[in-house]
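Here is the structure we will look at.
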Amino acid sequence: MTVYVDEIQDFTWIARARRLRHTHWCHLVADTRDELHAFAQRLGLRRTWFQDHGIRWHYDITPPKRARALQLGAIEIDRHGLADIIAKRRAAARRRAVVLTRPGHPDVRFGPYDDYDQADVIAGGLLAQLHGAVHVPGTTIIVVPYVDALPHSEPYVTTDPTQLAYRMDAAEADASQETGFPNLYARLRAQLGYEPARDIWLQAAAAYDWLHHDRLPQQD
């Protein structure tokens, strides 16, 4: 569990405007909301005191509570440290995933992508191939917010021909099945476009032939 407290600041002008009893406080923040709420409970804070302000979610705590938070393991940060945490939250909020929904089968998720545009390129590339490939009828491909708790396959497949060759065996068996879409080639084409993907795939196919002749060098 990683929880942080920044520096005590004088908020008298805010306290007077809102008729608050306390005039000095700091911010209690954490890497996740669950961590923050769990720590706040240990600290004796009410859930109703949670400040849910978009990516700036936190608890305000007074100097005595700050001292207690440090005793319980909170880490001291300055305003720059707090800014870094907010920046990471902002980046995380932009992350997206590409999801294939398949009637009668589990969803397939790829991600995370840094933003919508990156995910949209992959979704569009896969969608363009969907009608020319064997796939589960009714499959849809959409861009959604990335949810870390859900299982995802890696956002991009390797573009190294040798590494692709090592992965072809596992992909080959599924290529002709409805649930095999998108296979390695479809994913490579989605991220690179037709001609670059074709060139790399031909190199990987040559390496694959060597693999089955026991002459492909071992991976490091």
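Residues in the structure tokens are numbered from 1 in each chain, the chains being A, B, ... in the order shown, and ligands are numbered from 1 in the order shown.
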
Write out as a tab-separated table a residue-level contact list of region 120-140 of chain A versus region 88-109 of chain A with cut-off 10 Å: for each qualifying residue the closest pair of atoms and the distance in Å to one decimal, counting only C-alpha atoms, rows sorted by chain and residue number upward.
residue	atom	partner	partner_atom	distance
A:Asp120	CA	A:Val98	CA	7.8
A:Val121	CA	A:Val98	CA	9.8
A:Ile122	CA	A:Val98	CA	7.4
A:Ala123	CA	A:Val98	CA	6.1
A:Gly124	CA	A:Val98	CA	9.9
A:Leu126	CA	A:Leu100	CA	9.6
A:Leu127	CA	A:Leu100	CA	9.8
A:His135	CA	A:Arg102	CA	8.9
A:Val136	CA	A:Arg102	CA	6.2
A:Pro137	CA	A:Pro103	CA	7.4
A:Gly138	CA	A:Pro103	CA	6.3
A:Thr139	CA	A:Arg102	CA	4.6
A:Thr140	CA	A:Thr101	CA	5.3

Give me a file of those residues, with C-alpha atoms, as a short mmCIF file (atom, residue, chain, number, x, y, z; two decimals), in the first residue's frame.
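The resulting file, selection16.cif, is shown below:
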data_model
loop_
_atom_site.label_atom_id
_atom_site.label_comp_id
_atom_site.auth_asym_id
_atom_site.auth_seq_id
_atom_site.Cartn_x
_atom_site.Cartn_y
_atom_site.Cartn_z
CA ASP A 120 -8.45 3.72 -32.71
CA VAL A 121 -5.69 2.88 -35.21
CA ILE A 122 -5.65 -0.72 -33.99
CA ALA A 123 -9.44 -0.99 -33.83
CA GLY A 124 -9.77 0.42 -37.35
CA LEU A 126 -8.73 -4.96 -37.23
CA LEU A 127 -12.18 -3.86 -38.34
CA HIS A 135 -14.56 -14.79 -37.15
CA VAL A 136 -17.40 -15.24 -34.71
CA PRO A 137 -20.59 -13.86 -36.32
CA GLY A 138 -21.68 -10.65 -34.64
CA THR A 139 -18.20 -9.69 -33.47
CA THR A 140 -17.78 -5.98 -32.80
#

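The space separating CA of His22 (chain A) from CA of Asp84 (chain A) comes to 26.8 Å.
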
Margin query: At a cut-off of 7 Å, using only C-alpha atoms, what residues contact Ile75 (chain A)? Leave out same-chain residues fewer than 4 positions from it and give the result as a list in words.
Written below: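 Skipping anything fewer than 4 positions along the chain leaves Val3, Tyr4, Val5 and Leu70 of chain A.
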
Output C-alpha atoms for every residue in that selection, as an mmCIF file, in the first residue's frame.
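Result saved to selection16.cif:
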data_model
loop_
_atom_site.group_PDB
_atom_site.id
_atom_site.type_symbol
_atom_site.label_atom_id
_atom_site.label_comp_id
_atom_site.auth_asym_id
_atom_site.auth_seq_id
_atom_site.Cartn_x
_atom_site.Cartn_y
_atom_site.Cartn_z
ATOM 1 C CA VAL A 3 -0.149 6.470 0.509
ATOM 2 C CA TYR A 4 1.243 10.004 0.490
ATOM 3 C CA VAL A 5 0.838 13.278 2.372
ATOM 4 C CA LEU A 70 3.189 9.289 8.856
#

Note to self: Among region 7-211 of chain A, which residues does DSSP mark as helix (DSSP H, G or I) when it is run on the backbone? Keep the chain and numbering as in the structure and answer as a ChimeraX atom specification.
What the structure shows: /A:12-18,33-43,47-49,54-56,63-71,79-94,116-130,161-172,178-180,184-192,194-211

Next item on the list: Figure out the distance between CA of Gln191 (chain A) and CA of Gln118 (chain A), please, to one decimal in Å.
Entry: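 Computing it gives 9.2 Å between the two atoms.
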
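Our summary of the geometry notes that CA of Leu43 (chain A) is positioned 7.3 Å from CA of Lys65 (chain A).
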
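Comparing A:Val147, A:Ile85, A:Ala165, A:Leu130 by their smallest distance to Phe181 (chain A), the closest is A:Leu130 (using only C-alpha atoms).
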
Find the nearest atom pair between each residue of region 23-135 of chain A and region 12-17 of chain A for residues within 12 Å, count only C-alpha atoms, give distances in Å to one decimal, sort rows by chain and ascending number, and present the table as a tab-separated table.
residue	atom	partner	partner_atom	distance
A:Thr23	CA	A:Thr12	CA	4.6
A:His24	CA	A:Thr12	CA	6.9
A:Trp25	CA	A:Thr12	CA	9.7

Check: Can you list, as a list in words, every protein, DNA or RNA residue that comes within 7 Å of region 204-213 of chain A when you count only C-alpha atoms, leaving out same-chain residues fewer than 4 positions away?
Finding: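 Residues meeting the cut-off are Pro161, Thr162, Leu164, Ala165 and Ile200 of chain A.
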
Margin query: According to DSSP computed on the backbone, where in region 9-62 of chain A is there strand (DSSP E or B)? Give the residues as an NGL selection string.
Written below: :A and (9-10 or 24-30 or 50-51 or 58-61)

Item checked: Proximity to Thr159 (chain A) - best of A:Asn183, A:Gln203, A:Gln41, A:Gln177, only C-alpha atoms -> A:Gln203

Next item on the list: Might you pull out every residue within 12 Å of Tyr185 (chain A), with only C-alpha atoms counted and same-chain residues fewer than 3 positions away left off, and present them as JSON, numbers by chain?
Entry: {"A": [125, 126, 129, 133, 156, 157, 158, 159, 161, 164, 165, 167, 168, 171, 172, 175, 180, 181, 182, 188, 189, 190, 191, 192, 193, 194, 195, 196, 197, 198, 199, 200, 201, 202, 204, 205]}

Please produce a file of those selected residues containing C-alpha atoms, as a compact mmCIF listing (two decimals), in the first residue's frame.
# COMPACT_ATOMS: atom_id res chain seq x y z
CA GLY A 125 -7.06 -1.88 -38.69
CA LEU A 126 -8.73 -4.96 -37.23
CA GLN A 129 -9.85 -7.13 -41.91
CA ALA A 133 -11.40 -13.37 -42.16
CA TYR A 156 1.21 -4.57 -29.86
CA VAL A 157 2.72 -7.75 -31.24
CA THR A 158 6.46 -7.89 -31.78
CA THR A 159 7.80 -6.68 -35.13
CA PRO A 161 10.71 -11.58 -37.43
CA LEU A 164 7.25 -13.72 -34.53
CA ALA A 165 8.50 -17.08 -35.81
CA ARG A 167 4.99 -17.39 -31.79
CA MET A 168 3.65 -18.82 -35.05
CA ALA A 171 -1.13 -19.05 -33.51
CA GLU A 172 -1.26 -21.51 -36.42
CA ALA A 175 -5.97 -19.38 -37.45
CA GLY A 180 -8.80 -17.32 -33.85
CA PHE A 181 -9.41 -13.79 -35.10
CA PRO A 182 -7.36 -11.67 -34.79
CA LEU A 188 0.59 -6.98 -37.18
CA ARG A 189 -1.28 -5.56 -40.16
CA ALA A 190 -3.53 -3.50 -37.89
CA GLN A 191 -0.56 -1.80 -36.25
CA LEU A 192 1.72 -1.39 -39.30
CA GLY A 193 -0.45 -1.40 -42.40
CA TYR A 194 -0.43 -3.91 -45.22
CA GLU A 195 2.98 -3.53 -46.89
CA PRO A 196 5.20 -3.23 -43.78
CA ALA A 197 3.31 -6.10 -42.14
CA ARG A 198 3.66 -8.23 -45.27
CA ASP A 199 7.43 -7.67 -45.44
CA ILE A 200 7.96 -8.55 -41.78
CA TRP A 201 5.65 -11.55 -42.05
CA LEU A 202 7.60 -12.96 -44.99
CA ALA A 204 9.11 -14.35 -40.03
CA ALA A 205 7.84 -17.14 -42.28

Check: Which is closest to His80 (chain A) among A:Glu154, A:Leu184, A:Asp6, A:Leu36, if we use only C-alpha atoms?
Finding: A:Asp6
